[in-house]
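Notes to accompany the following structure.
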Amino acid sequence: MSTPGTPTVGVLALQGDVREHLAALTAAGTRPRPVRRPEELAGVDGLVIPGGESTTISKLAVAFGLMEPLRARVRAGLPVYGTCAGMIMVADKILDGREDQETVGGVDMIVRRNAFGRQNESFEAAVDMAGVEGGPVEGVFIRAPWVESVGARAEVLATYAGHAVAVRQGRVLATSFHPELTGDHRVHALFAAMVRAARGDDAGRIAHDR
Ligand code: GLN
């Protein structure tokens with residue numbers, strides 16, 4: 001991973017709204033690329049886990065031999081952004097998952113799957129999000145999870161109807177909603193800035209250690 005230049009951001013392309021994230025990441029000034037294999041994961045500076053169906057993404061990640069490499073890279077500090085099903089994938093713990101459902105983890109939080117979905121299959125709402133300037137983002141919620149609770153290291157960036165819907169812990173960002181569907185690229189720009197900052201920090205550390 002060379003440092004200067006445009007960061008390469010992968011989109012986990014096992015299932016879900018991959019194309020929309022690729023477009024949003026391009027608009028946010030990164031070089032996006034779909035990731036289906038461990039070799040492809042190795043070449044990215046950051047990763048988006050899209051919305052879709054977390055039980056399917058979990059199953060396919062295991063089948064494609066990606067679950068352990070994903071966990072290892074997140075532990076090593078890979079910046080990750082999960083939307084909706086992707087938020088479920090970066091949760092350390094989930095509620096209302098399928099029995100055999102696994103997550104990558106990375107954020108000390110408990111996420112309840114389909115939590116808003118039980119009340120309302122799909123809706124939109126203005127959401128004020130810390131770290132995103134210029135007014136609320138349009139939150140598109142589709143059978144969306146909410147964050148039931150967060151641990152001390154996780155920071156809640158947004159709430160809706162009394163529930164946390166955007167969380168960050170270090171280099172991992174997660175939203176219950178889908179900014180990739182709105183044409184507003186501010187949340188992807190926030191993630192792109194996290195990826196650039198992580199690359200700079202890592203390069204600095206490597207240069208220092210040398
Ligand atoms: N309900 C889905 C799940 O459990 C998430 C829905 C979405 O990503 N839009 O994975």
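In the structure tokens, each chain is lettered A, B, ... as it comes, each chain's residues begin at 1, and ligands are numbered from 1 in order of appearance.
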
Using only C-alpha atoms and all ligand atoms, find each residue with an atom at most 12 Å away from ligand 1 and format the answer as a compact mmCIF listing (two decimals) with all heavy atoms, in the first residue's frame.
```txt
# COMPACT_ATOMS: atom_id res chain seq x y z
N GLN A 15 -22.93 -9.67 -1.66
CA GLN A 15 -24.38 -9.49 -1.80
C GLN A 15 -24.67 -8.08 -1.36
O GLN A 15 -23.91 -7.53 -0.55
CB GLN A 15 -25.12 -10.51 -0.91
CG GLN A 15 -26.63 -10.60 -1.12
CD GLN A 15 -27.39 -9.71 -0.15
OE1 GLN A 15 -26.86 -9.30 0.88
NE2 GLN A 15 -28.63 -9.38 -0.48
N GLY A 16 -25.75 -7.47 -1.89
CA GLY A 16 -26.16 -6.16 -1.39
C GLY A 16 -25.92 -5.06 -2.41
O GLY A 16 -25.63 -5.31 -3.58
N ASP A 17 -26.07 -3.80 -1.96
CA ASP A 17 -26.05 -2.67 -2.90
C ASP A 17 -24.61 -2.16 -3.12
O ASP A 17 -24.24 -1.06 -2.74
CB ASP A 17 -27.04 -1.58 -2.49
CG ASP A 17 -26.67 -0.84 -1.21
OD1 ASP A 17 -25.93 -1.40 -0.39
OD2 ASP A 17 -27.14 0.30 -1.06
N VAL A 18 -23.86 -3.01 -3.80
CA VAL A 18 -22.43 -2.76 -4.07
C VAL A 18 -22.25 -1.60 -5.03
O VAL A 18 -21.43 -0.69 -4.79
CB VAL A 18 -21.79 -4.05 -4.64
CG1 VAL A 18 -20.35 -3.81 -5.06
CG2 VAL A 18 -21.90 -5.18 -3.62
N ILE A 49 -18.75 -2.24 3.87
CA ILE A 49 -19.63 -3.42 3.87
C ILE A 49 -21.04 -2.88 3.62
O ILE A 49 -21.56 -2.09 4.41
CB ILE A 49 -19.55 -4.21 5.19
CG1 ILE A 49 -18.07 -4.57 5.49
CG2 ILE A 49 -20.42 -5.46 5.10
CD1 ILE A 49 -17.86 -5.40 6.75
N PRO A 50 -21.63 -3.25 2.48
CA PRO A 50 -22.87 -2.60 2.04
C PRO A 50 -24.10 -3.09 2.79
O PRO A 50 -24.04 -4.03 3.59
CB PRO A 50 -22.96 -3.02 0.57
CG PRO A 50 -22.28 -4.34 0.51
CD PRO A 50 -21.18 -4.29 1.54
N GLY A 51 -25.22 -2.46 2.46
CA GLY A 51 -26.52 -2.95 2.91
C GLY A 51 -26.92 -4.13 2.06
O GLY A 51 -26.41 -4.33 0.95
N GLY A 52 -27.84 -4.91 2.58
CA GLY A 52 -28.28 -6.12 1.89
C GLY A 52 -28.90 -7.02 2.92
O GLY A 52 -29.80 -6.57 3.65
N GLU A 53 -28.44 -8.22 3.00
CA GLU A 53 -28.97 -9.16 3.98
C GLU A 53 -27.78 -9.73 4.75
O GLU A 53 -26.96 -10.45 4.19
CB GLU A 53 -29.76 -10.26 3.25
CG GLU A 53 -30.36 -11.29 4.15
CD GLU A 53 -31.03 -10.71 5.38
OE1 GLU A 53 -31.96 -9.89 5.25
OE2 GLU A 53 -30.61 -11.06 6.51
N SER A 54 -27.71 -9.37 6.03
CA SER A 54 -26.51 -9.72 6.80
C SER A 54 -26.33 -11.23 6.96
O SER A 54 -25.21 -11.72 7.02
CB SER A 54 -26.55 -9.04 8.16
OG SER A 54 -27.69 -9.43 8.88
N THR A 55 -27.45 -11.99 6.99
CA THR A 55 -27.31 -13.45 7.13
C THR A 55 -26.63 -14.01 5.89
O THR A 55 -25.78 -14.90 5.98
CB THR A 55 -28.69 -14.12 7.33
OG1 THR A 55 -29.54 -13.75 6.25
CG2 THR A 55 -29.33 -13.69 8.62
N THR A 56 -26.98 -13.49 4.72
CA THR A 56 -26.38 -13.95 3.45
C THR A 56 -24.93 -13.50 3.36
O THR A 56 -24.05 -14.28 2.98
CB THR A 56 -27.18 -13.38 2.26
OG1 THR A 56 -28.55 -13.70 2.45
CG2 THR A 56 -26.69 -13.92 0.94
N ILE A 57 -24.66 -12.24 3.71
CA ILE A 57 -23.27 -11.73 3.65
C ILE A 57 -22.40 -12.56 4.60
O ILE A 57 -21.29 -12.97 4.24
CB ILE A 57 -23.23 -10.23 4.00
CG1 ILE A 57 -23.98 -9.41 2.94
CG2 ILE A 57 -21.77 -9.74 4.12
CD1 ILE A 57 -24.13 -7.93 3.27
N SER A 58 -22.93 -12.87 5.78
CA SER A 58 -22.18 -13.69 6.74
C SER A 58 -21.87 -15.07 6.16
O SER A 58 -20.73 -15.53 6.19
CB SER A 58 -23.01 -13.81 8.03
OG SER A 58 -22.56 -14.88 8.83
N LYS A 59 -22.89 -15.71 5.60
CA LYS A 59 -22.73 -17.06 5.06
C LYS A 59 -21.70 -17.06 3.93
O LYS A 59 -20.83 -17.92 3.85
CB LYS A 59 -24.08 -17.56 4.56
CG LYS A 59 -24.17 -19.06 4.57
CD LYS A 59 -25.53 -19.65 4.20
CE LYS A 59 -26.64 -18.66 3.98
NZ LYS A 59 -27.85 -19.19 3.44
N GLY A 82 -19.69 0.31 7.55
CA GLY A 82 -20.80 -0.61 7.32
C GLY A 82 -22.12 0.12 7.31
O GLY A 82 -22.42 0.89 8.22
N THR A 83 -22.93 -0.11 6.27
CA THR A 83 -24.28 0.47 6.21
C THR A 83 -25.30 -0.64 6.37
O THR A 83 -25.26 -1.62 5.65
CB THR A 83 -24.55 1.21 4.87
OG1 THR A 83 -24.41 0.29 3.79
CG2 THR A 83 -23.59 2.35 4.66
N CYS A 84 -26.21 -0.44 7.30
CA CYS A 84 -27.36 -1.33 7.50
C CYS A 84 -26.91 -2.78 7.74
O CYS A 84 -26.42 -3.06 8.83
CB CYS A 84 -28.34 -1.19 6.34
SG CYS A 84 -30.00 -1.72 6.78
N ALA A 85 -27.03 -3.68 6.77
CA ALA A 85 -26.49 -5.04 6.98
C ALA A 85 -25.00 -4.95 7.34
O ALA A 85 -24.50 -5.73 8.15
CB ALA A 85 -26.68 -5.89 5.74
N GLY A 86 -24.31 -3.96 6.75
CA GLY A 86 -22.89 -3.76 7.05
C GLY A 86 -22.67 -3.33 8.49
O GLY A 86 -21.66 -3.66 9.12
N MET A 87 -23.63 -2.56 9.04
CA MET A 87 -23.54 -2.18 10.46
C MET A 87 -23.64 -3.44 11.33
O MET A 87 -22.90 -3.58 12.32
CB MET A 87 -24.66 -1.20 10.85
CG MET A 87 -24.78 -0.99 12.36
SD MET A 87 -26.20 -0.01 12.85
CE MET A 87 -25.43 1.55 13.22
N ILE A 88 -24.53 -4.34 10.94
CA ILE A 88 -24.66 -5.60 11.69
C ILE A 88 -23.33 -6.37 11.64
O ILE A 88 -22.88 -6.92 12.64
CB ILE A 88 -25.83 -6.44 11.09
CG1 ILE A 88 -27.15 -5.69 11.28
CG2 ILE A 88 -25.87 -7.83 11.72
CD1 ILE A 88 -28.33 -6.27 10.51
N MET A 89 -22.68 -6.34 10.46
CA MET A 89 -21.43 -7.10 10.28
C MET A 89 -20.28 -6.56 11.13
O MET A 89 -19.36 -7.29 11.45
CB MET A 89 -21.02 -7.10 8.80
CG MET A 89 -21.92 -7.93 7.89
SD MET A 89 -21.96 -9.69 8.29
CE MET A 89 -20.29 -10.20 7.88
N VAL A 90 -20.30 -5.26 11.44
CA VAL A 90 -19.18 -4.72 12.26
C VAL A 90 -19.50 -4.67 13.75
O VAL A 90 -18.70 -4.18 14.55
CB VAL A 90 -18.71 -3.32 11.77
CG1 VAL A 90 -18.17 -3.41 10.34
CG2 VAL A 90 -19.78 -2.27 11.91
N ILE A 94 -24.81 -9.16 18.23
CA ILE A 94 -26.09 -8.85 17.60
C ILE A 94 -27.24 -9.56 18.32
O ILE A 94 -27.05 -10.59 18.96
CB ILE A 94 -26.11 -9.19 16.09
CG1 ILE A 94 -25.85 -10.68 15.84
CG2 ILE A 94 -25.08 -8.37 15.33
CD1 ILE A 94 -26.00 -11.08 14.37
N LEU A 95 -28.42 -8.95 18.17
CA LEU A 95 -29.65 -9.56 18.69
C LEU A 95 -30.56 -9.83 17.49
O LEU A 95 -30.55 -9.08 16.51
CB LEU A 95 -30.35 -8.59 19.65
CG LEU A 95 -29.55 -8.20 20.90
CD1 LEU A 95 -30.29 -7.10 21.66
CD2 LEU A 95 -29.30 -9.41 21.78
N ASP A 96 -31.39 -10.87 17.60
CA ASP A 96 -32.32 -11.25 16.53
C ASP A 96 -31.59 -11.66 15.24
O ASP A 96 -32.14 -11.51 14.15
CB ASP A 96 -33.34 -10.13 16.24
CG ASP A 96 -34.25 -9.87 17.43
OD1 ASP A 96 -34.34 -10.76 18.30
OD2 ASP A 96 -34.86 -8.80 17.49
N GLY A 97 -30.37 -12.14 15.38
CA GLY A 97 -29.68 -12.71 14.21
C GLY A 97 -30.11 -14.14 14.01
O GLY A 97 -30.88 -14.69 14.81
N ARG A 98 -29.64 -14.75 12.92
CA ARG A 98 -29.86 -16.19 12.77
C ARG A 98 -28.87 -16.93 13.66
O ARG A 98 -27.81 -16.42 13.95
CB ARG A 98 -29.66 -16.59 11.30
CG ARG A 98 -30.97 -16.94 10.65
CD ARG A 98 -30.80 -17.43 9.27
NE ARG A 98 -29.54 -18.17 9.10
CZ ARG A 98 -29.16 -18.68 7.95
NH1 ARG A 98 -29.91 -18.50 6.88
NH2 ARG A 98 -28.01 -19.33 7.85
N GLN A 101 -25.38 -17.10 12.47
CA GLN A 101 -24.88 -15.85 11.87
C GLN A 101 -23.63 -15.35 12.59
O GLN A 101 -23.60 -15.26 13.81
CB GLN A 101 -25.99 -14.79 11.94
CG GLN A 101 -25.63 -13.48 11.28
CD GLN A 101 -26.83 -12.55 11.15
OE1 GLN A 101 -27.95 -12.89 11.53
NE2 GLN A 101 -26.59 -11.37 10.63
N GLU A 102 -22.60 -15.03 11.82
CA GLU A 102 -21.36 -14.51 12.39
C GLU A 102 -21.18 -13.06 11.99
O GLU A 102 -21.71 -12.62 10.97
CB GLU A 102 -20.15 -15.29 11.85
CG GLU A 102 -20.15 -16.75 12.25
CD GLU A 102 -18.90 -17.45 11.77
OE1 GLU A 102 -17.82 -16.82 11.77
OE2 GLU A 102 -19.01 -18.62 11.40
N THR A 103 -20.42 -12.33 12.78
CA THR A 103 -20.06 -10.97 12.38
C THR A 103 -18.54 -10.85 12.36
O THR A 103 -17.82 -11.64 12.96
CB THR A 103 -20.64 -9.89 13.32
OG1 THR A 103 -19.94 -9.91 14.56
CG2 THR A 103 -22.13 -10.09 13.54
N VAL A 111 -26.14 -4.64 18.32
CA VAL A 111 -27.03 -4.16 17.26
C VAL A 111 -28.20 -5.13 17.14
O VAL A 111 -28.01 -6.33 17.10
CB VAL A 111 -26.26 -4.06 15.92
CG1 VAL A 111 -27.22 -3.84 14.76
CG2 VAL A 111 -25.25 -2.92 15.98
N ARG A 112 -29.41 -4.54 17.11
CA ARG A 112 -30.60 -5.38 16.96
C ARG A 112 -31.04 -5.38 15.50
O ARG A 112 -31.39 -4.34 14.95
CB ARG A 112 -31.74 -4.91 17.86
CG ARG A 112 -32.93 -5.87 17.83
CD ARG A 112 -34.05 -5.44 18.74
NE ARG A 112 -33.76 -5.55 20.15
CZ ARG A 112 -33.82 -6.68 20.87
NH1 ARG A 112 -34.17 -7.81 20.27
NH2 ARG A 112 -33.55 -6.68 22.16
N ARG A 113 -30.98 -6.56 14.92
CA ARG A 113 -31.31 -6.73 13.50
C ARG A 113 -32.81 -6.50 13.27
O ARG A 113 -33.63 -6.90 14.11
CB ARG A 113 -30.94 -8.17 13.14
CG ARG A 113 -30.82 -8.42 11.72
CD ARG A 113 -30.26 -9.81 11.43
NE ARG A 113 -30.80 -10.23 10.17
CZ ARG A 113 -31.68 -11.19 10.03
NH1 ARG A 113 -32.09 -11.89 11.04
NH2 ARG A 113 -32.15 -11.46 8.83
N ASN A 114 -33.13 -5.84 12.14
CA ASN A 114 -34.54 -5.60 11.74
C ASN A 114 -35.34 -4.83 12.79
O ASN A 114 -36.56 -4.90 12.80
CB ASN A 114 -35.27 -6.92 11.46
CG ASN A 114 -34.67 -7.68 10.30
OD1 ASN A 114 -33.99 -7.10 9.46
ND2 ASN A 114 -34.90 -8.96 10.25
N ALA A 115 -34.67 -4.08 13.66
CA ALA A 115 -35.35 -3.45 14.78
C ALA A 115 -36.39 -2.43 14.30
O ALA A 115 -37.55 -2.46 14.72
CB ALA A 115 -34.32 -2.78 15.69
N PHE A 116 -35.97 -1.52 13.40
CA PHE A 116 -36.94 -0.56 12.85
C PHE A 116 -37.90 -1.28 11.91
O PHE A 116 -39.04 -0.87 11.75
CB PHE A 116 -36.22 0.54 12.06
CG PHE A 116 -35.54 1.56 12.93
CD1 PHE A 116 -34.15 1.68 12.93
CD2 PHE A 116 -36.27 2.44 13.70
CE1 PHE A 116 -33.52 2.64 13.70
CE2 PHE A 116 -35.65 3.41 14.47
CZ PHE A 116 -34.26 3.50 14.48
N GLY A 117 -37.40 -2.33 11.27
CA GLY A 117 -38.20 -3.08 10.29
C GLY A 117 -39.47 -3.65 10.89
O GLY A 117 -40.49 -3.71 10.22
N ARG A 118 -39.39 -4.02 12.17
CA ARG A 118 -40.60 -4.56 12.79
C ARG A 118 -41.68 -3.50 12.88
O ARG A 118 -42.86 -3.80 12.86
CB ARG A 118 -40.28 -5.07 14.20
CG ARG A 118 -39.74 -6.48 14.21
CD ARG A 118 -39.81 -7.01 15.62
NE ARG A 118 -39.13 -6.11 16.53
CZ ARG A 118 -37.87 -6.26 16.93
NH1 ARG A 118 -37.19 -7.29 16.55
NH2 ARG A 118 -37.31 -5.40 17.74
N ASN A 120 -41.75 -0.62 10.88
CA ASN A 120 -41.96 0.08 9.62
C ASN A 120 -40.92 -0.46 8.65
O ASN A 120 -39.75 -0.27 8.84
CB ASN A 120 -41.71 1.58 9.91
CG ASN A 120 -42.20 2.47 8.81
OD1 ASN A 120 -42.44 2.00 7.69
ND2 ASN A 120 -42.36 3.74 9.11
N GLU A 121 -41.35 -1.13 7.61
CA GLU A 121 -40.40 -1.79 6.70
C GLU A 121 -39.33 -0.85 6.18
O GLU A 121 -38.17 -1.20 6.12
CB GLU A 121 -41.16 -2.36 5.49
CG GLU A 121 -41.80 -3.69 5.76
CD GLU A 121 -40.79 -4.81 6.01
OE1 GLU A 121 -40.10 -5.18 5.04
OE2 GLU A 121 -40.68 -5.27 7.14
N SER A 122 -39.77 0.38 5.81
CA SER A 122 -38.84 1.28 5.19
C SER A 122 -39.35 2.71 5.29
O SER A 122 -40.54 2.96 5.12
CB SER A 122 -38.69 0.80 3.73
OG SER A 122 -38.34 1.85 2.90
N PHE A 123 -38.47 3.64 5.63
CA PHE A 123 -38.88 5.04 5.77
C PHE A 123 -37.67 5.94 5.62
O PHE A 123 -36.52 5.46 5.64
CB PHE A 123 -39.54 5.28 7.14
CG PHE A 123 -38.64 4.98 8.31
CD1 PHE A 123 -37.92 5.99 8.94
CD2 PHE A 123 -38.51 3.69 8.80
CE1 PHE A 123 -37.08 5.71 10.02
CE2 PHE A 123 -37.68 3.40 9.87
CZ PHE A 123 -36.97 4.42 10.48
N GLY A 139 -31.80 10.15 5.95
CA GLY A 139 -31.60 8.76 6.34
C GLY A 139 -32.60 7.86 5.66
O GLY A 139 -33.81 8.02 5.86
N VAL A 140 -32.12 6.95 4.83
CA VAL A 140 -33.00 5.96 4.21
C VAL A 140 -32.85 4.67 5.01
O VAL A 140 -31.77 4.09 5.07
CB VAL A 140 -32.61 5.72 2.73
CG1 VAL A 140 -33.49 4.64 2.11
CG2 VAL A 140 -32.68 7.01 1.93
N PHE A 141 -33.95 4.29 5.66
CA PHE A 141 -33.93 3.11 6.54
C PHE A 141 -34.73 1.99 5.86
O PHE A 141 -35.91 2.17 5.55
CB PHE A 141 -34.58 3.44 7.88
CG PHE A 141 -33.83 4.46 8.71
CD1 PHE A 141 -33.97 5.82 8.48
CD2 PHE A 141 -32.99 4.05 9.74
CE1 PHE A 141 -33.29 6.76 9.25
CE2 PHE A 141 -32.31 4.97 10.52
CZ PHE A 141 -32.46 6.33 10.28
N ILE A 142 -34.09 0.85 5.63
CA ILE A 142 -34.75 -0.28 4.96
C ILE A 142 -34.57 -1.53 5.83
O ILE A 142 -33.47 -2.05 5.93
CB ILE A 142 -34.17 -0.52 3.55
CG1 ILE A 142 -34.22 0.76 2.71
CG2 ILE A 142 -34.89 -1.67 2.87
CD1 ILE A 142 -33.40 0.71 1.44
N ARG A 143 -35.64 -1.96 6.45
CA ARG A 143 -35.55 -3.08 7.43
C ARG A 143 -34.29 -2.90 8.28
O ARG A 143 -33.45 -3.80 8.41
CB ARG A 143 -35.56 -4.42 6.71
CG ARG A 143 -36.84 -4.66 5.92
CD ARG A 143 -36.92 -6.05 5.33
NE ARG A 143 -36.94 -7.05 6.38
CZ ARG A 143 -36.19 -8.14 6.39
NH1 ARG A 143 -35.32 -8.37 5.43
NH2 ARG A 143 -36.30 -9.00 7.36
N ALA A 144 -34.20 -1.73 8.83
CA ALA A 144 -32.93 -1.29 9.41
C ALA A 144 -32.72 -1.79 10.84
O ALA A 144 -33.68 -1.92 11.60
CB ALA A 144 -32.89 0.23 9.38
N PRO A 145 -31.47 -2.01 11.19
CA PRO A 145 -31.13 -2.31 12.57
C PRO A 145 -31.04 -1.03 13.39
O PRO A 145 -30.93 0.06 12.81
CB PRO A 145 -29.74 -2.94 12.45
CG PRO A 145 -29.13 -2.27 11.26
CD PRO A 145 -30.28 -1.97 10.32
N TRP A 146 -31.09 -1.13 14.69
CA TRP A 146 -30.66 -0.02 15.53
C TRP A 146 -29.62 -0.52 16.51
O TRP A 146 -29.48 -1.74 16.70
CB TRP A 146 -31.82 0.72 16.18
CG TRP A 146 -32.59 0.04 17.27
CD1 TRP A 146 -32.10 -0.67 18.34
CD2 TRP A 146 -34.01 0.02 17.42
NE1 TRP A 146 -33.12 -1.11 19.13
CE2 TRP A 146 -34.31 -0.71 18.61
CE3 TRP A 146 -35.07 0.59 16.69
CZ2 TRP A 146 -35.61 -0.91 19.05
CZ3 TRP A 146 -36.36 0.39 17.14
CH2 TRP A 146 -36.63 -0.35 18.30
N ALA A 174 -20.27 3.07 11.30
CA ALA A 174 -21.45 2.27 10.94
C ALA A 174 -22.69 3.13 10.99
O ALA A 174 -22.85 3.95 11.90
CB ALA A 174 -21.59 1.09 11.91
N THR A 175 -23.56 2.96 10.00
CA THR A 175 -24.86 3.65 10.02
C THR A 175 -25.98 2.63 9.75
O THR A 175 -25.81 1.71 8.96
CB THR A 175 -24.95 4.78 8.96
OG1 THR A 175 -24.77 4.25 7.64
CG2 THR A 175 -23.92 5.87 9.21
N SER A 176 -27.12 2.85 10.44
CA SER A 176 -28.30 2.01 10.20
C SER A 176 -28.90 2.29 8.84
O SER A 176 -29.64 1.47 8.31
CB SER A 176 -29.40 2.34 11.21
OG SER A 176 -29.00 2.10 12.52
N PHE A 177 -28.60 3.49 8.32
CA PHE A 177 -29.24 3.95 7.09
C PHE A 177 -28.26 3.91 5.92
O PHE A 177 -27.10 3.54 6.08
CB PHE A 177 -29.83 5.35 7.31
CG PHE A 177 -28.85 6.34 7.92
CD1 PHE A 177 -28.03 7.12 7.11
CD2 PHE A 177 -28.74 6.46 9.31
CE1 PHE A 177 -27.13 8.01 7.67
CE2 PHE A 177 -27.83 7.35 9.87
CZ PHE A 177 -27.03 8.13 9.05
N HIS A 178 -28.77 4.29 4.75
CA HIS A 178 -28.06 4.07 3.47
C HIS A 178 -27.73 5.38 2.75
O HIS A 178 -28.43 5.73 1.79
CB HIS A 178 -28.98 3.29 2.52
CG HIS A 178 -29.25 1.88 2.90
ND1 HIS A 178 -28.51 0.83 2.46
CD2 HIS A 178 -30.23 1.34 3.68
CE1 HIS A 178 -28.99 -0.30 2.94
NE2 HIS A 178 -30.03 -0.01 3.68
N PRO A 179 -26.66 6.08 3.09
CA PRO A 179 -26.35 7.32 2.37
C PRO A 179 -26.03 7.07 0.89
O PRO A 179 -26.16 7.98 0.08
CB PRO A 179 -25.11 7.86 3.09
CG PRO A 179 -25.05 7.15 4.38
CD PRO A 179 -25.73 5.83 4.18
N GLU A 180 -25.62 5.86 0.54
CA GLU A 180 -25.27 5.55 -0.84
C GLU A 180 -26.47 5.63 -1.78
O GLU A 180 -26.31 5.62 -3.00
CB GLU A 180 -24.59 4.17 -0.93
CG GLU A 180 -25.49 2.95 -0.77
CD GLU A 180 -25.86 2.62 0.69
OE1 GLU A 180 -25.56 3.44 1.60
OE2 GLU A 180 -26.46 1.56 0.91
N LEU A 181 -27.69 5.70 -1.21
CA LEU A 181 -28.89 5.72 -2.06
C LEU A 181 -29.42 7.13 -2.28
O LEU A 181 -30.43 7.30 -2.97
CB LEU A 181 -30.00 4.87 -1.41
CG LEU A 181 -29.67 3.40 -1.19
CD1 LEU A 181 -30.86 2.67 -0.54
CD2 LEU A 181 -29.29 2.71 -2.51
```

Residues at most 10 Å from Val104 in chain A, counting only C-alpha atoms, excluding those fewer than 6 positions away in the same chain, as a list in words?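 That gives Ser58, Ala61, Leu66, Met67, Glu68, Pro69, Leu70, Arg71, Ala72, Arg73, Val74, Arg75, Gly86, Ile88, Met89, Val90, Ala91, Asp92 and Lys93 of chain A.
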
Identify all residues of range 23-127 of chain A in helix (DSSP H, G or I) (DSSP on the backbone) and supply them as a PyMOL selection string. chain A and resi 23-27+38-42+54-63+67-75+85-89+115-119

Which residues, written as JSON, numbers by chain, have at least one atom at most 9 Å from Glu138 in chain A, with only C-alpha atoms counted and residues fewer than 4 positions away on the same chain left out? {"A": [124, 125, 126, 127, 128, 177, 178, 179, 182, 184]}

Fewer than 6 positions away in the same chain doesn't count, so skip those; otherwise give me all residues within 10 Å of Asp108 in chain A, counting only C-alpha atoms, as a list in words.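 Final neighbour list, sorted by chain and number: Val90, Ala91, Asp92, Lys93, Ser149, Val150, Gly151, Ala152, Arg153, Ala154, Glu155, Val167, Arg168 and Gln169 of chain A.
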
What does the distance between CA of Gly65 in chain A and CA of Val107 in chain A come to in Å, to one decimal place?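 According to the coordinates, CA of Gly65 in chain A and CA of Val107 in chain A are separated by 21.7 Å.
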
At a cut-off of 7 Å, using only C-alpha atoms, what residues contact range 30-43 of chain A? Leave out same-chain residues fewer than 6 positions from it and give the result as a list of chain:residue names.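 The contact residues come out as A:Met1, A:Thr6, A:Pro7, A:Thr8, A:Val9, A:Gly10, A:Val11, A:Leu12, A:Ala13, A:Leu14, A:Leu22, A:Phe64, A:Leu66, A:Pro69, A:Ala192.
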